[in-house]
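Worksheet: the structure to be examined is printed underneath.
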Amino acid sequence: MFTPAFFTTALLYLGYILIFPGFLFCFVIGLLLCGIDRKAVARMQKRVGPPILQPFYDFFKLCGKETIVPAAASRTTFMLAPLVGLAALVVIQLFIPVFNFRVFRNLPEVADMIVILYLLLIPAVSVMLGGAATGSPYAGIGLSREMVTVLAVELPLVMVLLSVAKAVGNELGTGLVFSLSGVVDYQAAHGSLIGHISMIPAALAMLLIIPGETGNHPFDAAEAETEICEGLLAEYSGAPLGIYKLSHAVKMLTLTSLFVALFLGGIGTGVEHLVAAVGLTGAVAGAVSLILQVLILVLLCIVLTLVTISFVHAVTARLKIEQLFKYYWTVVTGLALISLVLAWYGF
Amino acid sequence: MILMNYIAAFFLIVLGLYTIVTKYNLVKTVIGLSIMDYGVNLLIVSIGFNPGGTAPIFTFSELNPSSFFVDPIPQALTLTSIVIGACVTAMSLSLVMKIYEQYGTMDTREVRRLRG
Amino acid sequence: MSMLSYQHFPIYAIMLYFLGAFLIVLFGKNKIARHCLALLSVTGSLALLVSLVPRVMTGGEIITYWMGNRAYSGGYAIGIALEVDALSLFFALLVAVAVFVSGVYSIRYMEHDDNIPQYYTLFLMLAGGVMGLVLSGDLFNMFIMVEILTFAAVALTAFRNTARGALEAAFKYLVVGSIGSTCILAGTIMLYAQVHTLNFAQLSGLIPGHIHGATRVAFALLFVGFSTKAFLVPFHPLAADAHGAAPASVSVLISGVLTKSGIYGIIRLVYFLFQTMNLRPIQFMLVFVGSVSMFVCVTMALAQHDFKRLLAFHSISQIGYVLTAVGLSTALGISAGLYHAMNHTIFKGLLFLAAGAVLHETGTTDLDRLGGLSKRMPHTTVLFLIGAASISGIPPFNGFASKWLIYQAAYLRAVETGNIGYLLVTIIALVTSTLTLASFVKVSQSVFFGQLPDEFKDVKEVPFGMRLAMSLFAILCVLTGLLPDLVTKVLTGPAAQAVLNPVRYIAAARGIEVPAETAALPQAAGAWSPINWLLLLGISLFAITLVALLGKYDRVSENASAETLPAKYDLFFSGEKSVYSQVGGGDLFWGFKYNWRHYFSFMHDLHSGIVNDYALWAVVALALAIAFLQIVL
């Protein structure tokens, strides 16, 4: 078992987990998206705004601060929850294909779309449990709102995923495609799904789901700094708070790249032909096209962040929790439903 | 003749259900359960009945192809069912007694602390 | 056959329970004798059944056992048979495991009660009743076992008769349960009138050729009867009352085992006795009842203020999943449904035991009064969280593994048939899972996290015996979640194949062996390998924790004792020291409930708690079932 080949593979996967598309990538790009978002919102509101690297400064500063565990809190849950949430998010990032690049190309797929849907609950649950463990009344209210937000977002998200599964299945004639790599493979061969009429409402719905899932304005009733002092995070300080902020940033990356994989999967896959056309071959071509694909992904994520998070943030006011719920279960679900029905009848 | 039995059995079952659904007294509910049981018991014995058959009590030496008797299995089932019915009545009446001790009423509309 | 040959094992497994019950009546006054007898019978039964696994599950053998050796003769099965195929053994194993763990838990849990011998007697009677039901090959015997288990369950519900609502719950359960039992009896006898046999296998051979008015009514009667035992909608209020009032160790049996007996009955009814699952209306009936149960009960659970009552409603919601999956009538669906049935026994058992632990220590299960127990009962909290994650379908626990298969099965079925109704079912199943999560987040917040009320300052962790029982369930939760392939191969796959192949069951009773079809095990469409995921999560978590610890993540300057801690360790509450201000469990998720307020107030009024109403629901359900089956079958 412990042959050199095994160690090479192990090292490779460790690299995937720790560097790309795991930790380092998530850390850098996530915080970068966060910084761009803050800058863009500020500009839209005619403010100067913080430097783009401000989230990095914030994170490192928080890590240097003292961690105060409230006397009433259950310490283990309080300290462990942020770490579990972040780890779960990073693992999800491993399952989202970057155009032609797959972590699990040579292995059976670990998780399909439905699994990812539920894996996305783990960070939410860990933040809820961490907050609840403090016993703060703000956390109680924050927990209530966070859970309602999750409930609100879940229904349209389920329908978006089902309609994508059905649409791709229709095209391939296999009935259903639950595998995310399968969806991206299809798009690589036949062009992005956004080009299908039936998928446009689903894509719109997904755009509206992103800020809800990440808890960004105007769907941030769960944090609502001005009324419930960040709710679940009210008692957090120091490094654990920093990790939560980082998780939030990574979540932006996860959801935008999920959007890219679901609807824009065809865009970056032409790169390989381009690289071949230039005359590069072998390992160099692979490396160059991977780098190009990652760059395209990052660009798309930035654009999506600007559209779904920054722009929506700048032009709207925070919704009350019952409005938020109603909005998702009517408007967004309606959009997803249109897609689902269209996909169902084969458009 | 046997049709009458079926009609009566059906009538008893429906009467029992009617009692359970419409009567608000705990004891009447128990009576309803018993009536329903009797209906089913009547149904069972009627099913095993052969017009003109004798009682199915034979030793092996007496048994021959020409012996004509009613089906013994439903009778055995009826016995079991009667026993079970008696148990239901006993158990429910004991519960009714206890409920009366605790709630001070026999009205089902007031025995509803668990709801919603 | 020697006394120790394996053909005898099923009857021994049943009789051990009844013998234990009987001996405890005689010798139960002595504490040690009582515990030894109870443990011997639950362990023995479990061991006997486990020893049958290689033969029946993987070997595909069907054990037919004739009481008093009165085998099939002259074309009629006069004797009483036990017939154990993979499906029976699957359910029997569930029963044995749940009874075993619950028995271990009972020892410490019930130690402060009166009349403990009677408790054990009833407990073993209930276990024996369910075991007899699932192993029996005779329809009338099934009825008798149903009566035994109903009786034992009613008596156990009323066991703590000073507890709030216990008597009332028992009475309601007895009334509606008796209506259900009477339905089963009437259905049985109507089938007997048609074909003059009570042997299940022989009935299954004859009835599909005799479908006419009377057998349709019998079908409806049996279906409604078994639905009462599974507490499907509209019988769910009884489950809530009974589970809530019974001692926790009994709730485990009622929810984990008794409801399964109803599901078992329905599977036998539709797949074997009438063999109608190829008909779309019957599929519709099962899937409809299942989906309605799934959704209605989860919303009812969200509105509850009592820990155990909430769990009870969830129980029926999960049973709804099982019935829906079974009603899909594909190999994947049946296997997923059985998998979920198994998981439900495990995680719901764990949750009820955790609720029992809370009740044992605090004396209440009121969500509005509890809070902050995680500091006082850390082990129970962890175990509860495992159970909660399982039932809410959080990967990698077992609830997710089976629910994921159910989603796949439902959606595949939708695509296969082109029926948009199945699509709706898939969405309901997915959303119900999140609603389940919501209500368990509510329980975590209101019982284990949040603020600790002053009255529970001195609460202690539960005794080791109870934690041991909960840990057994928790370990099973993790194992069955991590090894879905193994579970499918050894347990649910063979059981699903048995369900889809009634001919073997029918032939086995005549002593004819039909070779097992070597059909492929059901395969899911998507991908989910929990072990790999767990490995990835483990590595990531390890890496993060390492980095965090190197960065002095756990640097906490907590030198002072609890009383003299500086103010910064108090909870922040608008500048003041926080007073007790827990958000009540019932008021959580206001934003959700507000949008559904009409629905919730309607449902609240509907569940009036009057036994006449529940009886009326039963009658209406029966009438609807008869009418529906007369029209479609």
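Letters A, B, ... go to the chains of the structure tokens in the order shown; residues in each chain start at 1; ligands are counted from 1 in the same order.
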
Worksheet item: Residues of region 9-64 of chain B in alpha helix (DSSP H) according to DSSP, as a ChimeraX atom specification?
Response: /B:9-22,26-48

List every residue of chain C that has an atom at most 6 Å from any atom of chain B, giving for each one its closest atom pair and the distance in Å to one decimal, counting only C-alpha atoms, sorted by chain and then by ascending residue number, as a tab-separated table.
```
residue	atom	partner	partner_atom	distance
C:His604	CA	B:Gly116	CA	4.4
C:His607	CA	B:Gly116	CA	4.9
C:Ser608	CA	B:Arg115	CA	5.5
C:Gly609	CA	B:Arg115	CA	4.4
C:Ile610	CA	B:Arg109	CA	5.6
C:Asn612	CA	B:Val21	CA	4.7
C:Ala615	CA	B:Val21	CA	5.8
C:Leu616	CA	B:Val21	CA	5.5
```

Worksheet, complete the sentence: One decimal place gives the CA of Val25 (chain C)-CA of Asn115 (chain C) separation as 10.8 Å

Could you name the residues that touch region 206-216 of chain C at 9 Å or less, counting only C-alpha atoms, but leaving out those on the same chain fewer than 6 positions away, as a PDB file with C-alpha atoms, in the first residue's frame?
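And here's selection.pdb as it stands now:
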```
ATOM      1  CA  GLY C 187     -60.736  -7.702   6.768  1.00  0.00           C
ATOM      2  CA  MET C 190     -63.746 -11.383   4.809  1.00  0.00           C
ATOM      3  CA  LEU C 191     -60.738 -12.817   3.050  1.00  0.00           C
ATOM      4  CA  GLN C 194     -63.592 -15.958   0.024  1.00  0.00           C
ATOM      5  CA  VAL C 195     -60.859 -18.555  -0.002  1.00  0.00           C
ATOM      6  CA  LEU C 273     -51.635 -10.361  -0.364  1.00  0.00           C
ATOM      7  CA  PHE C 274     -53.125  -8.376  -3.220  1.00  0.00           C
ATOM      8  CA  GLN C 275     -50.034  -7.912  -5.407  1.00  0.00           C
ATOM      9  CA  THR C 276     -51.475  -4.684  -6.686  1.00  0.00           C
ATOM     10  CA  ILE C 626     -63.411   1.631   0.679  1.00  0.00           C
ATOM     11  CA  LEU C 629     -60.608   0.935  -3.779  1.00  0.00           C
ATOM     12  CA  GLN C 630     -64.043   0.029  -5.085  1.00  0.00           C
ATOM     13  CA  LEU C 633     -59.245  -1.734  -8.191  1.00  0.00           C
TER      14      LEU C 633
END
```

Discussion item. Would you pick out the contacts of Leu338 (chain C) at 8 Å or less, using only C-alpha atoms, so that residues sharing its chain but fewer than 6 positions from it are not included, and give the list as a ChimeraX atom specification?
Written reply: /C:322,326,492,495-496

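Contact shell of Phe542 (chain C) at 10 Å (only C-alpha atoms; same-chain neighbours under 6 positions omitted): A:Leu83, A:Val84, A:Ala87, C:Leu536, C:Ala548.
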
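Residues lying within 12 Å of Tyr599 (chain C), counting only C-alpha atoms and ignoring same-chain neighbours fewer than 6 positions away, are C:Val296, C:Thr299, C:Met300, C:Ala303, C:Phe592, C:Lys593, C:Asp605, C:Leu606.
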
Could you turn the residues from that selection into a file that holds C-alpha atoms, as an mmCIF file, in the first residue's frame?
```
data_model
loop_
_atom_site.group_PDB
_atom_site.id
_atom_site.type_symbol
_atom_site.label_atom_id
_atom_site.label_comp_id
_atom_site.auth_asym_id
_atom_site.auth_seq_id
_atom_site.Cartn_x
_atom_site.Cartn_y
_atom_site.Cartn_z
ATOM 1 C CA VAL C 296 -48.572 17.540 7.854
ATOM 2 C CA THR C 299 -45.564 21.215 10.343
ATOM 3 C CA MET C 300 -47.430 19.969 13.404
ATOM 4 C CA ALA C 303 -45.855 24.093 16.392
ATOM 5 C CA PHE C 592 -41.950 31.235 9.146
ATOM 6 C CA LYS C 593 -45.033 30.762 11.240
ATOM 7 C CA ASP C 605 -58.181 23.811 15.787
ATOM 8 C CA LEU C 606 -58.413 20.591 13.858
#
```

Response to the item:
Residue with the minimum atom-to-atom distance to Val83 (chain B), picked from B:Gly53, B:Thr59, B:Asn64, B:Tyr38 with only C-alpha atoms counted, is B:Tyr38

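Here CA of Thr67 (chain A) stands at a distance of 22.0 Å from CA of Val250 (chain A).
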
Name all residues at most 12 Å from Leu483 (chain C) (count only C-alpha atoms; drop same-chain ones fewer than 5 positions away) and give them as a PDB file with N, CA and C atoms, in the first residue's frame.
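Below you can see around_10.pdb, which holds the result:
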```
ATOM      1  N   TYR C 339     -34.506   1.142   4.229  1.00  0.00           N
ATOM      2  CA  TYR C 339     -33.313   1.747   4.833  1.00  0.00           C
ATOM      3  C   TYR C 339     -33.746   2.870   5.782  1.00  0.00           C
ATOM      4  N   PRO C 396     -22.790  13.288   7.464  1.00  0.00           N
ATOM      5  CA  PRO C 396     -22.833  11.949   6.894  1.00  0.00           C
ATOM      6  C   PRO C 396     -23.664  10.971   7.716  1.00  0.00           C
ATOM      7  N   PHE C 397     -24.605  11.455   8.518  1.00  0.00           N
ATOM      8  CA  PHE C 397     -25.320  10.527   9.391  1.00  0.00           C
ATOM      9  C   PHE C 397     -26.359   9.741   8.599  1.00  0.00           C
ATOM     10  N   ASN C 398     -26.963   8.736   9.270  1.00  0.00           N
ATOM     11  CA  ASN C 398     -27.722   7.758   8.508  1.00  0.00           C
ATOM     12  C   ASN C 398     -28.991   8.328   7.883  1.00  0.00           C
ATOM     13  N   PHE C 400     -29.426  11.011   6.404  1.00  0.00           N
ATOM     14  CA  PHE C 400     -29.147  11.562   5.083  1.00  0.00           C
ATOM     15  C   PHE C 400     -29.002  10.448   4.056  1.00  0.00           C
ATOM     16  N   ALA C 401     -28.288   9.400   4.433  1.00  0.00           N
ATOM     17  CA  ALA C 401     -28.034   8.323   3.468  1.00  0.00           C
ATOM     18  C   ALA C 401     -29.338   7.787   2.901  1.00  0.00           C
ATOM     19  N   SER C 402     -30.333   7.581   3.788  1.00  0.00           N
ATOM     20  CA  SER C 402     -31.569   6.987   3.279  1.00  0.00           C
ATOM     21  C   SER C 402     -32.458   8.025   2.613  1.00  0.00           C
ATOM     22  N   LEU C 476     -24.709   3.256  16.054  1.00  0.00           N
ATOM     23  CA  LEU C 476     -25.437   2.712  14.903  1.00  0.00           C
ATOM     24  C   LEU C 476     -25.771   3.817  13.912  1.00  0.00           C
ATOM     25  N   CYS C 477     -26.136   4.990  14.417  1.00  0.00           N
ATOM     26  CA  CYS C 477     -26.448   6.133  13.548  1.00  0.00           C
ATOM     27  C   CYS C 477     -25.275   6.422  12.631  1.00  0.00           C
ATOM     28  N   VAL C 478     -24.082   6.461  13.222  1.00  0.00           N
ATOM     29  CA  VAL C 478     -22.908   6.803  12.435  1.00  0.00           C
ATOM     30  C   VAL C 478     -22.572   5.665  11.469  1.00  0.00           C
ATOM     31  N   THR C 488     -27.121  -1.779   2.206  1.00  0.00           N
ATOM     32  CA  THR C 488     -27.940  -2.188   1.071  1.00  0.00           C
ATOM     33  C   THR C 488     -27.664  -3.629   0.714  1.00  0.00           C
ATOM     34  N   LYS C 489     -26.413  -4.009   0.786  1.00  0.00           N
ATOM     35  CA  LYS C 489     -26.055  -5.362   0.360  1.00  0.00           C
ATOM     36  C   LYS C 489     -26.592  -6.407   1.339  1.00  0.00           C
ATOM     37  N   VAL C 490     -26.434  -6.144   2.628  1.00  0.00           N
ATOM     38  CA  VAL C 490     -26.755  -7.181   3.606  1.00  0.00           C
ATOM     39  C   VAL C 490     -28.205  -7.109   4.067  1.00  0.00           C
ATOM     40  N   LEU C 491     -28.723  -5.895   4.230  1.00  0.00           N
ATOM     41  CA  LEU C 491     -30.038  -5.809   4.852  1.00  0.00           C
ATOM     42  C   LEU C 491     -31.145  -5.388   3.890  1.00  0.00           C
ATOM     43  N   TRP C 528     -22.586   9.520  -3.762  1.00  0.00           N
ATOM     44  CA  TRP C 528     -22.375   9.949  -2.387  1.00  0.00           C
ATOM     45  C   TRP C 528     -21.556   8.885  -1.702  1.00  0.00           C
ATOM     46  N   SER C 529     -20.310   9.227  -1.409  1.00  0.00           N
ATOM     47  CA  SER C 529     -19.489   8.271  -0.661  1.00  0.00           C
ATOM     48  C   SER C 529     -19.085   8.921   0.657  1.00  0.00           C
ATOM     49  N   PRO C 530     -19.832   8.573   1.716  1.00  0.00           N
ATOM     50  CA  PRO C 530     -19.660   9.253   2.991  1.00  0.00           C
ATOM     51  C   PRO C 530     -18.263   9.113   3.569  1.00  0.00           C
ATOM     52  N   ILE C 531     -17.640   7.947   3.351  1.00  0.00           N
ATOM     53  CA  ILE C 531     -16.327   7.754   3.983  1.00  0.00           C
ATOM     54  C   ILE C 531     -15.316   8.720   3.396  1.00  0.00           C
ATOM     55  N   ASN C 532     -15.335   8.845   2.058  1.00  0.00           N
ATOM     56  CA  ASN C 532     -14.399   9.780   1.433  1.00  0.00           C
ATOM     57  C   ASN C 532     -14.651  11.196   1.907  1.00  0.00           C
ATOM     58  N   LEU C 534     -15.971  12.109   4.706  1.00  0.00           N
ATOM     59  CA  LEU C 534     -15.551  12.250   6.089  1.00  0.00           C
ATOM     60  C   LEU C 534     -14.040  12.385   6.178  1.00  0.00           C
TER      61      LEU C 534
END
```

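Among the candidates B:Ile35, B:Thr78, B:Ala86, B:Phe69, the residue lying nearest to Phe11 (chain B) is B:Ile35 (atoms considered: only C-alpha atoms).
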
Would you tabulate, counting only C-alpha atoms, all residues of region 5-50 of chain A that have an atom at most 12 Å from an atom of region 256-280 of chain A, showing the closest pair of atoms and their distance in Å to one decimal, sorted by chain then ascending number, as a Markdown table?
```
| residue | atom | partner | partner_atom | distance |
| --- | --- | --- | --- | --- |
| A:Pro21 | CA | A:Ser257 | CA | 11.1 |
| A:Cys26 | CA | A:Ser257 | CA | 11.0 |
| A:Ile29 | CA | A:Ser257 | CA | 11.1 |
| A:Gly30 | CA | A:Thr256 | CA | 10.3 |
| A:Leu33 | CA | A:Thr256 | CA | 10.1 |
```

Fill in: CA of Gly399 (chain C) to CA of Val53 (chain C), distance in Å rounded to a single decimal
23.2 Å
